[in-house]
file run23.cif (mmCIF, N, CA and C atoms)
data_entry
#
loop_
_atom_site.label_atom_id
_atom_site.label_comp_id
_atom_site.auth_asym_id
_atom_site.auth_seq_id
_atom_site.Cartn_x
_atom_site.Cartn_y
_atom_site.Cartn_z
N MET R 164 3.91 -15.34 -3.86
CA MET R 164 4.11 -15.53 -5.27
C MET R 164 5.44 -16.24 -5.49
N TRP R 165 5.46 -17.14 -6.45
CA TRP R 165 6.64 -17.97 -6.69
C TRP R 165 6.93 -18.07 -8.17
N ASP R 166 8.18 -18.13 -8.52
CA ASP R 166 8.61 -18.35 -9.90
C ASP R 166 8.90 -19.84 -10.05
N GLU R 167 7.91 -20.56 -10.49
CA GLU R 167 8.02 -22.02 -10.60
C GLU R 167 8.98 -22.45 -11.70
N ALA R 168 9.23 -21.59 -12.69
CA ALA R 168 10.08 -21.95 -13.82
C ALA R 168 11.57 -21.79 -13.52
N SER R 169 11.91 -21.11 -12.46
CA SER R 169 13.32 -20.84 -12.16
C SER R 169 14.03 -22.06 -11.59
N PRO R 170 15.29 -22.27 -11.96
CA PRO R 170 16.06 -23.36 -11.34
C PRO R 170 16.38 -23.06 -9.87
N LEU R 171 16.40 -21.77 -9.51
CA LEU R 171 16.57 -21.37 -8.11
C LEU R 171 15.19 -21.28 -7.46
N GLU R 172 15.14 -21.46 -6.15
CA GLU R 172 13.87 -21.24 -5.46
C GLU R 172 13.68 -19.74 -5.30
N ILE R 173 12.69 -19.21 -6.01
CA ILE R 173 12.45 -17.77 -5.99
C ILE R 173 10.99 -17.53 -5.66
N GLY R 174 10.77 -16.84 -4.55
CA GLY R 174 9.41 -16.52 -4.17
C GLY R 174 9.38 -15.71 -2.91
N GLY R 175 8.19 -15.28 -2.57
CA GLY R 175 8.03 -14.49 -1.37
C GLY R 175 6.63 -13.93 -1.25
N TYR R 176 6.52 -12.86 -0.50
CA TYR R 176 5.22 -12.31 -0.15
C TYR R 176 5.21 -10.80 -0.38
N LEU R 177 4.02 -10.31 -0.70
CA LEU R 177 3.79 -8.88 -0.84
C LEU R 177 2.55 -8.54 -0.04
N VAL R 178 2.67 -7.54 0.83
CA VAL R 178 1.53 -7.06 1.61
C VAL R 178 1.40 -5.56 1.39
N VAL R 179 0.22 -5.15 0.93
CA VAL R 179 -0.13 -3.73 0.87
C VAL R 179 -1.07 -3.50 2.04
N ASP R 180 -0.60 -2.74 3.02
CA ASP R 180 -1.37 -2.53 4.25
C ASP R 180 -2.44 -1.46 4.08
N ASN R 181 -2.09 -0.34 3.43
CA ASN R 181 -3.00 0.79 3.43
C ASN R 181 -2.63 1.74 2.30
N LEU R 182 -3.65 2.30 1.65
CA LEU R 182 -3.42 3.26 0.57
C LEU R 182 -4.09 4.61 0.87
N SER R 183 -4.51 4.85 2.11
CA SER R 183 -5.27 6.06 2.40
C SER R 183 -4.44 7.34 2.31
N MET R 184 -3.13 7.29 2.50
CA MET R 184 -2.29 8.49 2.36
C MET R 184 -1.92 8.74 0.90
N GLY R 185 -2.07 7.75 0.07
CA GLY R 185 -1.74 7.90 -1.34
C GLY R 185 -1.46 6.56 -1.97
N ARG R 186 -1.28 6.62 -3.25
CA ARG R 186 -1.07 5.42 -4.04
C ARG R 186 0.13 5.65 -4.93
N PRO R 187 1.05 4.74 -5.02
CA PRO R 187 1.09 3.37 -4.50
C PRO R 187 1.58 3.34 -3.06
N SER R 188 1.60 2.13 -2.52
CA SER R 188 2.23 1.93 -1.22
C SER R 188 3.73 1.83 -1.45
N MET R 189 4.49 2.11 -0.39
CA MET R 189 5.94 2.06 -0.51
C MET R 189 6.52 1.39 0.72
N GLY R 190 7.50 0.56 0.52
CA GLY R 190 8.21 -0.10 1.59
C GLY R 190 9.28 -0.99 0.99
N GLY R 191 10.24 -1.32 1.76
CA GLY R 191 11.38 -2.09 1.26
C GLY R 191 11.09 -3.57 1.10
N ILE R 192 12.16 -4.29 0.81
CA ILE R 192 12.09 -5.75 0.62
C ILE R 192 12.96 -6.40 1.67
N ARG R 193 12.38 -7.31 2.43
CA ARG R 193 13.11 -8.11 3.42
C ARG R 193 13.49 -9.42 2.74
N MET R 194 14.70 -9.92 3.00
CA MET R 194 15.15 -11.17 2.38
C MET R 194 15.75 -12.05 3.46
N LEU R 195 15.00 -13.11 3.82
CA LEU R 195 15.42 -14.04 4.87
C LEU R 195 14.92 -15.45 4.53
N PRO R 196 15.57 -16.47 5.03
CA PRO R 196 15.11 -17.83 4.74
C PRO R 196 13.81 -18.18 5.45
N ASP R 197 13.50 -17.51 6.55
CA ASP R 197 12.31 -17.86 7.32
C ASP R 197 11.28 -16.74 7.38
N VAL R 198 11.30 -15.84 6.39
CA VAL R 198 10.33 -14.75 6.38
C VAL R 198 8.92 -15.33 6.22
N THR R 199 7.97 -14.74 6.93
CA THR R 199 6.59 -15.25 6.92
C THR R 199 5.62 -14.15 6.48
N PRO R 200 4.44 -14.53 6.02
CA PRO R 200 3.44 -13.51 5.68
C PRO R 200 3.09 -12.62 6.88
N ALA R 201 3.04 -13.19 8.07
CA ALA R 201 2.72 -12.40 9.26
C ALA R 201 3.80 -11.35 9.52
N ALA R 202 5.05 -11.72 9.36
CA ALA R 202 6.14 -10.76 9.56
C ALA R 202 6.07 -9.63 8.53
N ILE R 203 5.79 -9.98 7.28
CA ILE R 203 5.68 -8.97 6.24
C ILE R 203 4.48 -8.07 6.50
N HIS R 204 3.39 -8.64 6.99
CA HIS R 204 2.22 -7.83 7.35
C HIS R 204 2.57 -6.80 8.42
N ASN R 205 3.26 -7.23 9.45
CA ASN R 205 3.65 -6.30 10.52
C ASN R 205 4.57 -5.20 10.00
N LEU R 206 5.50 -5.56 9.14
CA LEU R 206 6.41 -4.57 8.56
C LEU R 206 5.66 -3.60 7.64
N ALA R 207 4.67 -4.11 6.90
CA ALA R 207 3.87 -3.24 6.04
C ALA R 207 3.08 -2.24 6.88
N ARG R 208 2.54 -2.69 8.00
CA ARG R 208 1.82 -1.76 8.89
C ARG R 208 2.77 -0.68 9.40
N GLY R 209 3.98 -1.08 9.74
CA GLY R 209 4.99 -0.12 10.16
C GLY R 209 5.29 0.91 9.08
N MET R 210 5.32 0.47 7.82
CA MET R 210 5.55 1.41 6.72
C MET R 210 4.38 2.35 6.54
N THR R 211 3.16 1.88 6.79
CA THR R 211 2.00 2.77 6.75
C THR R 211 2.19 3.90 7.75
N LEU R 212 2.56 3.54 8.97
CA LEU R 212 2.74 4.54 10.02
C LEU R 212 3.94 5.45 9.73
N LYS R 213 5.03 4.87 9.24
CA LYS R 213 6.24 5.64 8.94
C LYS R 213 5.97 6.66 7.83
N ASN R 214 5.32 6.22 6.75
CA ASN R 214 5.03 7.13 5.64
C ASN R 214 4.07 8.22 6.08
N ALA R 215 3.07 7.87 6.90
CA ALA R 215 2.13 8.87 7.39
C ALA R 215 2.82 9.86 8.32
N ALA R 216 3.69 9.38 9.20
CA ALA R 216 4.39 10.27 10.12
C ALA R 216 5.30 11.24 9.38
N ALA R 217 5.87 10.80 8.27
CA ALA R 217 6.73 11.66 7.46
C ALA R 217 5.91 12.50 6.47
N ASP R 218 4.58 12.35 6.52
CA ASP R 218 3.66 13.08 5.64
C ASP R 218 3.99 12.83 4.17
N LEU R 219 4.33 11.58 3.87
CA LEU R 219 4.60 11.19 2.49
C LEU R 219 3.30 10.76 1.83
N PRO R 220 3.12 11.06 0.56
CA PRO R 220 1.87 10.70 -0.12
C PRO R 220 1.88 9.26 -0.64
N TYR R 221 2.24 8.33 0.23
CA TYR R 221 2.29 6.92 -0.13
C TYR R 221 1.61 6.09 0.95
N GLY R 222 1.03 4.99 0.51
CA GLY R 222 0.53 4.02 1.47
C GLY R 222 1.68 3.19 2.01
N GLY R 223 1.33 2.23 2.87
CA GLY R 223 2.35 1.37 3.45
C GLY R 223 2.29 -0.03 2.88
N GLY R 224 3.43 -0.55 2.53
CA GLY R 224 3.52 -1.90 2.01
C GLY R 224 4.90 -2.46 2.31
N LYS R 225 5.05 -3.73 2.09
CA LYS R 225 6.35 -4.39 2.29
C LYS R 225 6.31 -5.69 1.52
N SER R 226 7.48 -6.13 1.10
CA SER R 226 7.57 -7.44 0.46
C SER R 226 8.72 -8.21 1.10
N GLY R 227 8.67 -9.51 0.96
CA GLY R 227 9.69 -10.35 1.54
C GLY R 227 10.03 -11.50 0.62
N ILE R 228 11.32 -11.73 0.46
CA ILE R 228 11.81 -12.83 -0.36
C ILE R 228 12.25 -13.95 0.57
N VAL R 229 11.78 -15.14 0.28
CA VAL R 229 12.23 -16.33 1.02
C VAL R 229 13.47 -16.84 0.29
N ALA R 230 14.63 -16.71 0.94
CA ALA R 230 15.88 -17.10 0.29
C ALA R 230 16.93 -17.48 1.32
N SER R 231 17.73 -18.42 0.96
CA SER R 231 18.84 -18.86 1.79
C SER R 231 19.85 -17.73 1.95
N GLN R 232 20.51 -17.69 3.09
CA GLN R 232 21.52 -16.66 3.32
C GLN R 232 22.88 -17.06 2.76
N ASP R 233 23.02 -18.28 2.27
CA ASP R 233 24.32 -18.70 1.73
C ASP R 233 24.35 -18.71 0.20
N LEU R 234 23.59 -17.81 -0.42
CA LEU R 234 23.62 -17.69 -1.87
C LEU R 234 24.93 -17.05 -2.31
N THR R 235 25.40 -17.43 -3.48
CA THR R 235 26.54 -16.74 -4.06
C THR R 235 26.06 -15.34 -4.48
N PRO R 236 26.97 -14.41 -4.70
CA PRO R 236 26.54 -13.08 -5.18
C PRO R 236 25.72 -13.15 -6.47
N GLU R 237 26.10 -14.05 -7.36
CA GLU R 237 25.36 -14.20 -8.61
C GLU R 237 23.96 -14.73 -8.36
N GLU R 238 23.82 -15.72 -7.48
CA GLU R 238 22.51 -16.26 -7.14
C GLU R 238 21.65 -15.21 -6.44
N HIS R 239 22.27 -14.45 -5.54
CA HIS R 239 21.55 -13.39 -4.83
C HIS R 239 20.97 -12.39 -5.83
N ASN R 240 21.79 -11.94 -6.78
CA ASN R 240 21.32 -11.01 -7.80
C ASN R 240 20.20 -11.61 -8.64
N ALA R 241 20.34 -12.90 -9.00
CA ALA R 241 19.30 -13.56 -9.80
C ALA R 241 17.99 -13.65 -9.03
N VAL R 242 18.05 -13.95 -7.74
CA VAL R 242 16.84 -14.04 -6.92
C VAL R 242 16.17 -12.68 -6.82
N VAL R 243 16.93 -11.63 -6.55
CA VAL R 243 16.35 -10.29 -6.42
C VAL R 243 15.74 -9.84 -7.74
N ARG R 244 16.45 -10.05 -8.84
CA ARG R 244 15.91 -9.66 -10.15
C ARG R 244 14.63 -10.42 -10.49
N SER R 245 14.62 -11.70 -10.23
CA SER R 245 13.43 -12.50 -10.53
C SER R 245 12.25 -12.09 -9.65
N PHE R 246 12.52 -11.80 -8.37
CA PHE R 246 11.44 -11.35 -7.49
C PHE R 246 10.92 -9.99 -7.95
N ALA R 247 11.82 -9.13 -8.41
CA ALA R 247 11.39 -7.83 -8.93
C ALA R 247 10.45 -8.01 -10.11
N ARG R 248 10.72 -8.99 -10.96
CA ARG R 248 9.81 -9.26 -12.08
C ARG R 248 8.46 -9.76 -11.57
N LEU R 249 8.47 -10.54 -10.50
CA LEU R 249 7.20 -11.03 -9.93
C LEU R 249 6.34 -9.89 -9.38
N ILE R 250 6.97 -8.94 -8.68
CA ILE R 250 6.17 -7.87 -8.07
C ILE R 250 5.89 -6.72 -9.03
N CYS R 251 6.56 -6.70 -10.17
CA CYS R 251 6.38 -5.62 -11.13
C CYS R 251 4.92 -5.47 -11.56
N ARG R 252 4.20 -6.56 -11.63
CA ARG R 252 2.79 -6.49 -12.06
C ARG R 252 1.92 -5.72 -11.08
N TYR R 253 2.43 -5.47 -9.88
CA TYR R 253 1.68 -4.74 -8.86
C TYR R 253 2.17 -3.29 -8.72
N HIS R 254 2.85 -2.76 -9.73
CA HIS R 254 3.45 -1.43 -9.64
C HIS R 254 2.43 -0.32 -9.38
N ASP R 255 1.18 -0.54 -9.69
CA ASP R 255 0.18 0.50 -9.43
C ASP R 255 -0.20 0.59 -7.95
N ILE R 256 0.11 -0.46 -7.17
CA ILE R 256 -0.23 -0.41 -5.74
C ILE R 256 0.98 -0.58 -4.82
N TYR R 257 2.16 -0.92 -5.38
CA TYR R 257 3.34 -1.12 -4.53
C TYR R 257 4.61 -0.82 -5.31
N ILE R 258 5.49 -0.05 -4.68
CA ILE R 258 6.84 0.12 -5.19
C ILE R 258 7.81 -0.12 -4.03
N PRO R 259 8.86 -0.88 -4.28
CA PRO R 259 9.84 -1.07 -3.22
C PRO R 259 10.65 0.21 -3.06
N GLY R 260 10.35 0.95 -2.02
CA GLY R 260 10.96 2.26 -1.84
C GLY R 260 12.13 2.24 -0.89
N PRO R 261 12.97 3.25 -1.00
CA PRO R 261 14.11 3.38 -0.11
C PRO R 261 13.68 3.89 1.26
N ASP R 262 14.55 3.74 2.24
CA ASP R 262 14.30 4.37 3.53
C ASP R 262 14.40 5.88 3.36
N VAL R 263 13.54 6.58 4.04
CA VAL R 263 13.51 8.03 3.95
C VAL R 263 13.85 8.60 5.31
N GLU R 264 14.83 9.47 5.34
CA GLU R 264 15.17 10.16 6.60
C GLU R 264 14.69 11.59 6.48
N ARG R 265 14.04 12.05 7.50
CA ARG R 265 13.60 13.42 7.52
C ARG R 265 14.27 14.09 8.71
N LYS R 266 15.08 15.07 8.43
CA LYS R 266 15.79 15.74 9.52
C LYS R 266 14.87 16.76 10.17
N MET R 267 14.78 16.67 11.46
CA MET R 267 13.95 17.58 12.23
C MET R 267 14.80 18.77 12.65
N PRO R 268 14.22 19.96 12.60
CA PRO R 268 14.98 21.12 13.07
C PRO R 268 15.25 21.03 14.57
N ILE R 269 16.39 21.54 14.97
CA ILE R 269 16.76 21.50 16.40
C ILE R 269 16.20 22.70 17.12
#
call {"tool": "encode", "arguments": {"input": "run23.cif", "output": "structure tokens"}}
result
Amino acid sequence: MWDEASPLEIGGYLVVDNLSMGRPSMGGIRMLPDVTPAAIHNLARGMTLKNAAADLPYGGGKSGIVASQDLTPEEHNAVVRSFARLICRYHDIYIPGPDVERKMPI
């Protein structure tokens, strides 16, 4: 998905791998200049397994922003905000979630 109206190049990919553990899927956002749909797919599968292993009621998903690494802080914020608006329409099947740590008893 791409924001064609933006003066900055703003776009990327969203992959929902699996919703069998629950809905919506959850996974973070990767931001790299060379991110590919295949890479996001692999990361989304990893989130499916990670959420299932932690017994979280979420499916696995991941999104990726194609962006230069030499953005100014202002441009970086604008790209992330604009991408968030692009993926917002999919909130029923994907939320960009934080990493979850589960401490195991010793």
call {"tool": "closest_residue", "arguments": {"input": "run23.cif", "among": "R:Ala230, R:Val242, R:Leu212, R:Met164", "to": "R:Tyr176", "atoms": "only N, CA and C atoms"}}
result
R:Met164
call {"tool": "residues_near_point", "arguments": {"input": "run23.cif", "point": "(3.9, -3.4, 7.5)", "cutoff": "5 Å", "atoms": "only N, CA and C atoms", "output": "PDB file with N, CA and C atoms, in the frame of the given file"}}
result
ATOM      1  N   ILE R 203       5.790  -9.980   7.280  1.00  0.00           N
ATOM      2  CA  ILE R 203       5.680  -8.970   6.240  1.00  0.00           C
ATOM      3  C   ILE R 203       4.480  -8.070   6.500  1.00  0.00           C
ATOM      4  N   HIS R 204       3.390  -8.640   6.990  1.00  0.00           N
ATOM      5  CA  HIS R 204       2.220  -7.830   7.350  1.00  0.00           C
ATOM      6  C   HIS R 204       2.570  -6.800   8.420  1.00  0.00           C
ATOM      7  N   ASN R 205       3.260  -7.230   9.450  1.00  0.00           N
ATOM      8  CA  ASN R 205       3.650  -6.300  10.520  1.00  0.00           C
ATOM      9  C   ASN R 205       4.570  -5.200  10.000  1.00  0.00           C
ATOM     10  N   LEU R 206       5.500  -5.560   9.140  1.00  0.00           N
ATOM     11  CA  LEU R 206       6.410  -4.570   8.560  1.00  0.00           C
ATOM     12  C   LEU R 206       5.660  -3.600   7.640  1.00  0.00           C
ATOM     13  N   ALA R 207       4.670  -4.110   6.900  1.00  0.00           N
ATOM     14  CA  ALA R 207       3.870  -3.240   6.040  1.00  0.00           C
ATOM     15  C   ALA R 207       3.080  -2.240   6.880  1.00  0.00           C
ATOM     16  N   ARG R 208       2.540  -2.690   8.000  1.00  0.00           N
ATOM     17  CA  ARG R 208       1.820  -1.760   8.890  1.00  0.00           C
ATOM     18  C   ARG R 208       2.770  -0.680   9.400  1.00  0.00           C
ATOM     19  N   GLY R 209       3.980  -1.080   9.740  1.00  0.00           N
ATOM     20  CA  GLY R 209       4.990  -0.120  10.160  1.00  0.00           C
ATOM     21  C   GLY R 209       5.290   0.910   9.080  1.00  0.00           C
ATOM     22  N   MET R 210       5.320   0.470   7.820  1.00  0.00           N
ATOM     23  CA  MET R 210       5.550   1.410   6.720  1.00  0.00           C
ATOM     24  C   MET R 210       4.380   2.350   6.540  1.00  0.00           C
TER      25      MET R 210
END
call {"tool": "closest_residue", "arguments": {"input": "run23.cif", "among": "R:Ala247, R:Leu171, R:Leu219, R:Leu234", "to": "R:Gly185", "atoms": "only N, CA and C atoms"}}
result
R:Leu219
call {"tool": "closest_residue", "arguments": {"input": "run23.cif", "among": "R:Ile228, R:Val179, R:Met184, R:Met194", "to": "R:Ile258", "atoms": "only C-alpha atoms"}}
result
R:Val179
call {"tool": "closest_residue", "arguments": {"input": "run23.cif", "among": "R:Ser245, R:Leu195, R:Ala217, R:Leu177", "to": "R:Gln232", "atoms": "all atoms listed in the file"}}
result
R:Leu195
call {"tool": "atom_distance", "arguments": {"input": "run23.cif", "atom1": "atom CA of R:Ile250", "atom2": "atom CA of R:Pro220"}}
result
20.7 Å
call {"tool": "select_by_dssp", "arguments": {"input": "run23.cif", "residues": "chain R", "states": "helix (DSSP H, G or I)", "output": "VMD selection string"}}
result
chain R and resid 200 to 216 236 to 251
call {"tool": "closest_residue", "arguments": {"input": "run23.cif", "among": "R:Ile173, R:Glu167, R:Asp180, R:Ile192", "to": "R:Ala241", "atoms": "only C-alpha atoms"}}
result
R:Ile173
call {"tool": "atom_distance", "arguments": {"input": "run23.cif", "atom1": "atom CA of R:Gly175", "atom2": "atom CA of R:Ser226"}}
result
7.3 Å
call {"tool": "closest_residue", "arguments": {"input": "run23.cif", "among": "R:Ser231, R:Tyr221, R:Asn240, R:Pro187", "to": "R:Tyr253", "atoms": "only C-alpha atoms"}}
result
R:Pro187
call {"tool": "atom_distance", "arguments": {"input": "run23.cif", "atom1": "atom C of R:Glu238", "atom2": "atom N of R:Pro196"}}
result
13.0 Å
call {"tool": "select_by_dssp", "arguments": {"input": "run23.cif", "residues": "chain R", "states": "strand (DSSP E)", "output": "number ranges by chain"}}
result
R: 175-181, 188-190, 192-195, 222-229, 257-259
call {"tool": "axis_aligned_box", "arguments": {"input": "run23.cif", "around": "stretch 213-226 of chain R", "padding_each_side": "6 Å", "output": "JSON"}}
result
{"center_x": 4.6, "center_y": 2.4, "center_z": 4.7, "size_x": 20.2, "size_y": 33.3, "size_z": 22.8}
call {"tool": "residues_around", "arguments": {"input": "run23.cif", "residues": "R:Ile256", "least_positions_apart": "4", "cutoff": "6.5 Å", "atoms": "all atoms listed in the file", "output": "PyMOL selection string"}}
result
chain R and resi 186-189
